[in-house]
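S.K.: Sharing start.cif here; it has mmCIF, C-alpha atoms.
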```cif
data_structure
#
loop_
_atom_site.label_atom_id
_atom_site.label_comp_id
_atom_site.auth_asym_id
_atom_site.auth_seq_id
_atom_site.Cartn_x
_atom_site.Cartn_y
_atom_site.Cartn_z
CA MET A 1 -84.25 86.94 -63.02
CA GLU A 2 -86.51 89.51 -64.62
CA ASP A 3 -84.75 92.71 -65.66
CA ASN A 4 -86.69 95.70 -64.33
CA THR A 5 -84.36 98.33 -65.80
CA VAL A 6 -86.39 101.22 -67.25
CA ILE A 7 -83.57 103.66 -68.14
CA SER A 8 -80.23 102.49 -69.52
CA PHE A 9 -77.33 104.57 -70.86
CA ALA A 10 -74.31 102.92 -72.49
CA ASN A 11 -71.32 105.16 -73.33
CA VAL A 12 -73.64 108.07 -74.14
CA ALA A 13 -72.34 111.48 -75.13
CA ALA A 14 -74.30 114.63 -75.90
CA ALA A 15 -73.37 117.86 -77.67
CA TYR A 16 -75.18 120.83 -79.20
CA ASP A 17 -74.58 122.14 -82.73
CA GLU A 18 -71.52 119.91 -83.13
CA GLY A 19 -69.81 121.79 -80.32
CA ARG A 20 -67.98 120.41 -77.30
CA GLU A 21 -69.60 117.55 -75.47
CA ILE A 22 -71.84 118.48 -72.55
CA LEU A 23 -71.88 114.86 -71.40
CA SER A 24 -69.28 112.19 -72.19
CA ASP A 25 -69.21 108.41 -71.81
CA VAL A 26 -72.26 108.24 -69.55
CA SER A 27 -73.27 104.71 -68.55
CA PHE A 28 -75.83 103.67 -65.93
CA ASN A 29 -78.97 101.64 -65.33
CA ILE A 30 -82.00 102.78 -63.35
CA SER A 31 -84.57 100.30 -62.10
CA ALA A 32 -88.33 100.72 -62.05
CA GLY A 33 -89.54 102.39 -58.88
CA ALA A 34 -86.26 104.20 -58.10
CA PHE A 35 -86.12 107.78 -56.79
CA TYR A 36 -83.00 109.86 -57.49
CA PHE A 37 -81.99 113.44 -57.00
CA LEU A 38 -80.00 114.90 -59.90
CA SER A 39 -77.37 117.42 -58.80
CA GLY A 40 -74.59 119.47 -60.33
CA ALA A 41 -73.57 123.04 -61.03
CA SER A 42 -75.48 125.20 -63.49
CA GLY A 43 -74.47 124.21 -67.02
CA ALA A 44 -73.08 120.85 -65.92
CA GLY A 45 -75.57 118.93 -68.04
CA LYS A 46 -78.48 118.07 -65.72
CA THR A 47 -81.13 119.36 -68.12
CA THR A 48 -79.37 117.70 -71.05
CA LEU A 49 -79.52 114.37 -69.22
CA LEU A 50 -83.26 114.77 -68.66
CA ARG A 51 -83.76 115.75 -72.30
CA LEU A 52 -81.90 112.62 -73.42
CA ILE A 53 -84.19 110.46 -71.32
CA TYR A 54 -87.34 112.17 -72.60
CA GLN A 55 -86.08 111.95 -76.18
CA LEU A 56 -85.93 115.70 -76.72
CA HIS A 57 -82.25 115.40 -77.60
CA LYS A 58 -80.39 112.64 -79.41
CA PRO A 59 -77.01 111.41 -78.19
CA SER A 60 -74.01 112.16 -80.38
CA ARG A 61 -72.82 108.65 -79.63
CA GLY A 62 -73.71 105.72 -77.41
CA GLN A 63 -77.04 104.04 -76.78
CA VAL A 64 -80.09 104.97 -74.71
CA LYS A 65 -82.65 102.31 -73.84
CA LEU A 66 -86.04 103.04 -72.29
CA PHE A 67 -88.25 100.23 -71.00
CA GLY A 68 -85.83 97.80 -72.62
CA ARG A 69 -86.04 99.37 -76.10
CA ALA A 70 -83.15 101.06 -77.90
CA THR A 71 -84.21 104.56 -78.94
CA LEU A 72 -81.68 105.26 -81.70
CA ASP A 73 -83.79 104.02 -84.62
CA MET A 74 -87.23 104.84 -83.23
CA THR A 75 -89.74 106.52 -85.51
CA ARG A 76 -91.62 109.65 -84.49
CA ASP A 77 -94.66 107.50 -83.70
CA ASP A 78 -92.50 105.20 -81.57
CA ILE A 79 -91.20 108.15 -79.57
CA THR A 80 -94.71 109.56 -79.15
CA ALA A 81 -95.87 106.20 -77.77
CA LEU A 82 -92.85 106.07 -75.48
CA ARG A 83 -93.58 109.51 -74.07
CA GLN A 84 -97.08 108.34 -73.16
CA LYS A 85 -95.35 106.44 -70.33
CA MET A 86 -93.36 109.46 -69.13
CA ALA A 87 -93.88 113.00 -67.92
CA ILE A 88 -91.49 115.92 -67.55
CA VAL A 89 -91.64 119.12 -65.52
CA PHE A 90 -89.55 121.86 -67.11
CA GLN A 91 -87.89 124.81 -65.39
CA GLU A 92 -89.69 127.18 -67.74
CA TYR A 93 -93.16 125.66 -66.98
CA SER A 94 -94.13 125.28 -70.70
CA LEU A 95 -97.77 126.17 -70.03
CA LEU A 96 -100.10 127.19 -72.86
CA SER A 97 -101.21 130.77 -72.28
CA HIS A 98 -104.32 130.46 -74.47
CA LEU A 99 -105.69 127.74 -72.17
CA THR A 100 -106.97 128.02 -68.61
CA VAL A 101 -105.16 126.34 -65.73
CA PHE A 102 -107.80 123.57 -65.83
CA ASP A 103 -107.32 122.99 -69.55
CA ASN A 104 -103.53 122.94 -69.25
CA VAL A 105 -103.73 120.19 -66.65
CA ALA A 106 -106.45 118.33 -68.58
CA LEU A 107 -104.53 118.38 -71.87
CA PRO A 108 -102.58 115.09 -71.46
CA LEU A 109 -105.78 113.29 -70.47
CA ARG A 110 -107.62 114.64 -73.50
CA VAL A 111 -104.79 113.48 -75.74
CA ARG A 112 -105.43 110.02 -74.29
CA SER A 113 -109.19 110.35 -75.02
CA VAL A 114 -110.20 110.08 -71.36
CA PRO A 115 -113.93 110.84 -70.89
CA GLU A 116 -114.62 114.44 -69.84
CA ALA A 117 -116.49 113.38 -66.70
CA LYS A 118 -113.41 111.61 -65.41
CA ILE A 119 -111.15 114.46 -66.51
CA LYS A 120 -113.22 116.91 -64.45
CA LYS A 121 -112.84 114.81 -61.29
CA LEU A 122 -109.14 114.11 -61.73
CA VAL A 123 -108.15 117.68 -62.59
CA ALA A 124 -110.12 119.06 -59.64
CA LYS A 125 -108.42 116.67 -57.23
CA VAL A 126 -104.91 117.28 -58.53
CA LEU A 127 -105.37 121.06 -58.51
CA ASP A 128 -106.67 120.90 -54.94
CA TRP A 129 -103.65 118.88 -53.91
CA VAL A 130 -101.14 121.35 -55.32
CA GLY A 131 -103.12 124.18 -53.69
CA LEU A 132 -104.55 125.72 -56.85
CA GLY A 133 -108.17 124.55 -56.83
CA LYS A 134 -109.52 128.10 -56.87
CA TYR A 135 -107.41 129.00 -59.90
CA ALA A 136 -108.89 126.42 -62.28
CA ASP A 137 -110.42 129.08 -64.56
CA ALA A 138 -107.45 131.45 -64.41
CA ASN A 139 -105.01 132.16 -67.21
CA PRO A 140 -101.52 130.83 -66.35
CA LYS A 141 -100.01 134.26 -67.08
CA SER A 142 -101.95 135.71 -64.14
CA LEU A 143 -100.22 133.36 -61.69
CA SER A 144 -96.91 133.77 -59.89
CA GLY A 145 -93.88 131.77 -60.97
CA GLY A 146 -94.32 129.34 -58.09
CA GLN A 147 -98.00 128.84 -58.93
CA GLN A 148 -97.18 128.21 -62.60
CA GLN A 149 -94.64 125.61 -61.50
CA ARG A 150 -97.33 123.83 -59.49
CA VAL A 151 -99.62 123.82 -62.54
CA SER A 152 -96.79 122.25 -64.53
CA VAL A 153 -96.35 119.58 -61.85
CA ALA A 154 -100.11 118.89 -61.75
CA ARG A 155 -100.15 118.40 -65.53
CA ALA A 156 -97.25 115.94 -65.28
CA ILE A 157 -98.53 113.77 -62.44
CA ILE A 158 -102.14 113.50 -63.62
CA VAL A 159 -101.25 110.85 -66.22
CA GLN A 160 -99.70 108.57 -63.58
CA PRO A 161 -96.45 108.23 -65.55
CA ALA A 162 -94.09 105.28 -65.20
CA ILE A 163 -91.18 107.76 -65.29
CA LEU A 164 -91.35 111.33 -63.97
CA LEU A 165 -88.53 113.76 -64.77
CA ALA A 166 -88.50 117.04 -62.86
CA ASP A 167 -86.11 119.91 -63.59
CA GLU A 168 -85.88 122.10 -60.44
CA PRO A 169 -89.61 121.72 -59.59
CA THR A 170 -89.21 123.32 -56.16
CA GLY A 171 -86.87 126.12 -57.25
CA ASN A 172 -89.53 128.86 -57.13
CA LEU A 173 -91.47 127.53 -54.14
CA ASP A 174 -91.37 128.41 -50.45
CA ASP A 175 -90.47 125.70 -47.93
CA GLU A 176 -94.07 124.71 -47.23
CA ASN A 177 -95.02 124.21 -50.88
CA ALA A 178 -91.68 122.56 -51.64
CA SER A 179 -92.41 120.06 -48.86
CA ARG A 180 -95.91 119.53 -50.19
CA LEU A 181 -94.62 118.70 -53.68
CA MET A 182 -91.88 116.44 -52.31
CA GLU A 183 -94.41 114.45 -50.31
CA LEU A 184 -96.55 114.20 -53.44
CA PHE A 185 -93.61 112.82 -55.44
CA ILE A 186 -92.77 110.38 -52.64
CA GLN A 187 -96.32 109.04 -52.57
CA MET A 188 -96.30 108.65 -56.36
CA ASN A 189 -93.11 106.66 -56.01
CA LYS A 190 -94.49 104.47 -53.22
CA MET A 191 -98.05 103.89 -54.42
CA PHE A 192 -97.70 103.92 -58.19
CA GLY A 193 -94.08 102.73 -58.42
CA THR A 194 -93.21 105.82 -60.46
CA THR A 195 -89.52 106.11 -61.28
CA ILE A 196 -88.51 109.67 -60.41
CA ILE A 197 -85.44 111.74 -61.27
CA LEU A 198 -85.60 115.18 -59.68
CA ALA A 199 -82.98 117.79 -60.56
CA THR A 200 -82.22 120.27 -57.81
CA HIS A 201 -79.61 122.74 -56.55
CA SER A 202 -81.05 122.60 -53.04
CA GLN A 203 -78.70 121.03 -50.52
CA LYS A 204 -81.46 121.45 -47.93
CA LEU A 205 -83.81 119.30 -50.01
CA MET A 206 -81.20 116.58 -50.48
CA GLU A 207 -80.32 116.61 -46.77
CA THR A 208 -83.98 116.43 -45.73
CA TYR A 209 -84.95 113.62 -48.08
CA LYS A 210 -82.22 111.00 -48.14
CA PHE A 211 -82.59 109.69 -51.67
CA PRO A 212 -79.53 108.62 -53.68
CA ILE A 213 -77.98 111.23 -55.94
CA ILE A 214 -76.94 111.29 -59.57
CA HIS A 215 -74.20 113.92 -59.74
CA VAL A 216 -73.10 115.57 -62.98
CA GLU A 217 -69.62 117.09 -63.04
CA ASN A 218 -66.88 117.54 -65.66
CA HIS A 219 -69.12 116.02 -68.36
CA ARG A 220 -69.45 112.76 -66.39
CA VAL A 221 -72.17 111.21 -64.27
CA GLY A 222 -71.60 109.59 -60.91
CA PHE A 223 -73.84 108.06 -58.25
CA ALA A 224 -73.80 108.62 -54.49
CA SER A 225 -75.99 107.44 -51.63
CA LYS A 226 -76.71 110.12 -49.05
CA HIS A 227 -77.96 107.68 -46.44
CA ALA A 228 -78.80 104.01 -46.14
CA ASP A 229 -82.35 104.84 -45.01
CA THR A 230 -84.25 106.57 -47.81
CA ALA A 231 -87.15 107.58 -45.55
CA PRO A 232 -87.39 111.37 -45.25
CA LYS A 233 -86.85 112.75 -41.76
CA LYS A 234 -89.26 115.62 -42.41
CA VAL A 235 -92.94 114.68 -42.51
CA TRP A 236 -95.56 116.84 -44.22
CA LYS A 237 -98.21 117.87 -41.68
CA GLY A 238 -100.85 119.04 -44.15
CA PRO A 239 -103.47 116.99 -46.05
CA ARG A 240 -102.79 113.26 -45.92
CA PRO A 241 -101.12 112.41 -49.26
CA GLN A 242 -101.61 108.67 -48.84
CA ASN A 243 -105.39 109.00 -48.59
CA TYR A 244 -105.35 111.33 -51.60
CA PHE A 245 -103.39 108.91 -53.72
CA ALA A 246 -105.44 105.91 -52.66
CA GLU A 247 -108.55 107.69 -53.93
CA LEU A 248 -106.83 109.00 -57.05
CA SER A 249 -105.44 105.54 -57.79
CA LYS A 250 -108.95 104.09 -57.80
CA GLN A 251 -110.03 106.70 -60.33
CA PHE A 252 -107.04 105.87 -62.53
CA ASP A 253 -108.16 102.23 -62.35
CA ASP A 254 -111.63 103.33 -63.45
CA ILE A 255 -110.07 105.16 -66.41
CA GLY A 256 -108.18 102.04 -67.42
CA ASN A 257 -111.41 100.04 -67.43
CA ALA A 258 -113.45 102.68 -69.28
#
```
The structure in this file should be written as structure tokens.

M.R.:
Amino acid sequence: MEDNTVISFANVAAAYDEGREILSDVSFNISAGAFYFLSGASGAGKTTLLRLIYQLHKPSRGQVKLFGRATLDMTRDDITALRQKMAIVFQEYSLLSHLTVFDNVALPLRVRSVPEAKIKKLVAKVLDWVGLGKYADANPKSLSGGQQQRVSVARAIIVQPAILLADEPTGNLDDENASRLMELFIQMNKMFGTTIILATHSQKLMETYKFPIIHVENHRVGFASKHADTAPKKVWKGPRPQNYFAELSKQFDDIGNA
């Protein structure tokens, strides 16, 4: 049987500046196409876990494998190539203030040498979907915190990553925009097979969308299933995300054949 594990931790521990361990003896496997919430109290280690996956932090012991490859002895070029398959949405947005909203979202496509004509179409569509089409020429600093978060999300999803890591992406959004982003993530998961780990403090979000939960507590990681049926009981009533992604998917196919 083919192994479709994309994230694997074996007895992983993480610490900062040789201090106490934030995470200890963490072991789990996550399959391609999975969708998990990541929960836990502030300071429990949720962000550290995401940083370990994205290779922004090295484990103090244990082994991390991504897409079947052990990361311990990877070169900088290896890690750069690995990150081409992933995207991360940070709590602090990490937008470049000297670039417009459009250019921030376009940046990962330009790094991949995508033709500008295709970039223009893709960025316009993604910005429209997150409700920021009219802010394409704006400076990120002129936007609210919630708007900056949506720019960060747009920049992450535009590369159609195999793994998407999101650290509190709905934390600064109202219920309507939080629902809009959740439906966007769900359609990515369904149509593109994107593996998603979404950190959140929101019990409401986890109760509305019945995805299994990775819970971080007392330096350890555990798994829980909120409900046997992973279909969300709340349905977004705005623009049809499936039609959007069907069209966007075709354009990604065009990019791959360019």

S.K.: Once the PyMOL selection byres ((chain A and resi 48) around 10) has been evaluated on this model, what residues remain selected, and can you format them as a VMD selection string?

M.R.: chain A and resid 14 to 16 22 to 23 43 to 47 49 to 54 56 to 59

S.K.: Write out as a ChimeraX atom specification which residues come within 8 Å of range 67-81 of chain A when counting only C-alpha atoms, dropping same-chain ones fewer than 5 positions away.

M.R.: /A:5-8,55,58

S.K.: Could those residues be written to a file, using C-alpha atoms, as a tab-separated table (two decimals), in the frame of the given file?

M.R.:
```tsv
chain	number	residue	atom	x	y	z
A	5	THR	CA	-84.36	98.33	-65.80
A	6	VAL	CA	-86.39	101.22	-67.25
A	7	ILE	CA	-83.57	103.66	-68.14
A	8	SER	CA	-80.23	102.49	-69.52
A	55	GLN	CA	-86.08	111.95	-76.18
A	58	LYS	CA	-80.39	112.64	-79.41
```

S.K.: Ranking A:Glu18, A:Val130, A:Arg112, A:Arg220 by minimum distance to Leu184 in chain A and counting all atoms listed in the file, which one comes first?

M.R.: A:Val130

S.K.: As a PyMOL selection string, please: the residues near Gln63 in chain A (cut-off 7 Å, all atoms listed in the file, same-chain neighbours under 2 positions excluded).

M.R.: chain A and resi 9-12+61+65+70+72

S.K.: Could you check the closest approach to Asn177 in chain A for each of A:Phe37, A:Trp129, A:Phe102, A:Tyr209 and tell me which residue wins, using all atoms listed in the file?

M.R.: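 Answer, going by the shortest atom-to-atom distance: A:Trp129.
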
S.K.: Ranking A:Ala138, A:Leu122, A:Ile186, A:Leu127 by minimum distance to Val153 in chain A and counting all atoms listed in the file, which one comes first?

M.R.: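 Once distances to Val153 in chain A are computed over all atoms listed in the file, the minimum belongs to A:Leu127.
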
S.K.: Applied to this file, what does the PyMOL selection byres ((chain A and resi 38) around 8) return in terms of residues, put as a list in words?

M.R.: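 Applying the PyMOL selection byres ((chain A and resi 38) around 8) to the structure shown produces Tyr36, Phe37, Ser39, Gly40, Lys46, Ile197, Leu198, Ala199, Thr200, Ile213, Ile214, His215 and Val216 of chain A.
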
S.K.: Please save C-alpha atoms of the selected residues as an mmCIF file, in the frame of the given file.

M.R.:
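Final output, again22.cif:
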```
data_model
loop_
_atom_site.group_PDB
_atom_site.id
_atom_site.type_symbol
_atom_site.label_atom_id
_atom_site.label_comp_id
_atom_site.auth_asym_id
_atom_site.auth_seq_id
_atom_site.Cartn_x
_atom_site.Cartn_y
_atom_site.Cartn_z
ATOM 1 C CA TYR A 36 -83.000 109.860 -57.490
ATOM 2 C CA PHE A 37 -81.990 113.440 -57.000
ATOM 3 C CA SER A 39 -77.370 117.420 -58.800
ATOM 4 C CA GLY A 40 -74.590 119.470 -60.330
ATOM 5 C CA LYS A 46 -78.480 118.070 -65.720
ATOM 6 C CA ILE A 197 -85.440 111.740 -61.270
ATOM 7 C CA LEU A 198 -85.600 115.180 -59.680
ATOM 8 C CA ALA A 199 -82.980 117.790 -60.560
ATOM 9 C CA THR A 200 -82.220 120.270 -57.810
ATOM 10 C CA ILE A 213 -77.980 111.230 -55.940
ATOM 11 C CA ILE A 214 -76.940 111.290 -59.570
ATOM 12 C CA HIS A 215 -74.200 113.920 -59.740
ATOM 13 C CA VAL A 216 -73.100 115.570 -62.980
#
```

S.K.: Do you have the CA of Ser60 in chain A-CA of Gln91 in chain A distance handy?

M.R.: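 That distance, rounded to one decimal, is 24.0 Å.
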
S.K.: Using the chain letters and residue numbers of this document, give as a ChimeraX atom specification the residues selected by the PyMOL selection byres ((chain A and resi 94-96) around 10).

M.R.: /A:89-93,97-101,103-105,107,139-141,148-149,151-152,155

S.K.: Which residue gives the smallest distance to Asp175 in chain A among A:Phe28, A:Ser202, A:Lys121, A:Gly19, with all atoms listed in the file counted?

M.R.: A:Ser202

S.K.: What is the CA of Lys85 in chain A-CA of Thr170 in chain A distance in Å, reported with one decimal?

M.R.: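 So the answer is 22.9 Å.
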
S.K.: I need the residue nearest Ala178 in chain A from this list: A:Asn29, A:Gln147, A:Gln160, A:Thr195. Use all atoms listed in the file for the distance.

M.R.: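 The shortest atom-to-atom distance to Ala178 in chain A comes from A:Gln147.
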
S.K.: Using CA of Ala156 in chain A and CA of Pro212 in chain A as the two end points, give the distance in Å to one decimal.

M.R.: 22.4 Å

S.K.: From the list A:Val111, A:Ala106, A:Leu164, A:Ala34, which residue is nearest Ala136 in chain A when using all atoms listed in the file?

M.R.: A:Ala106
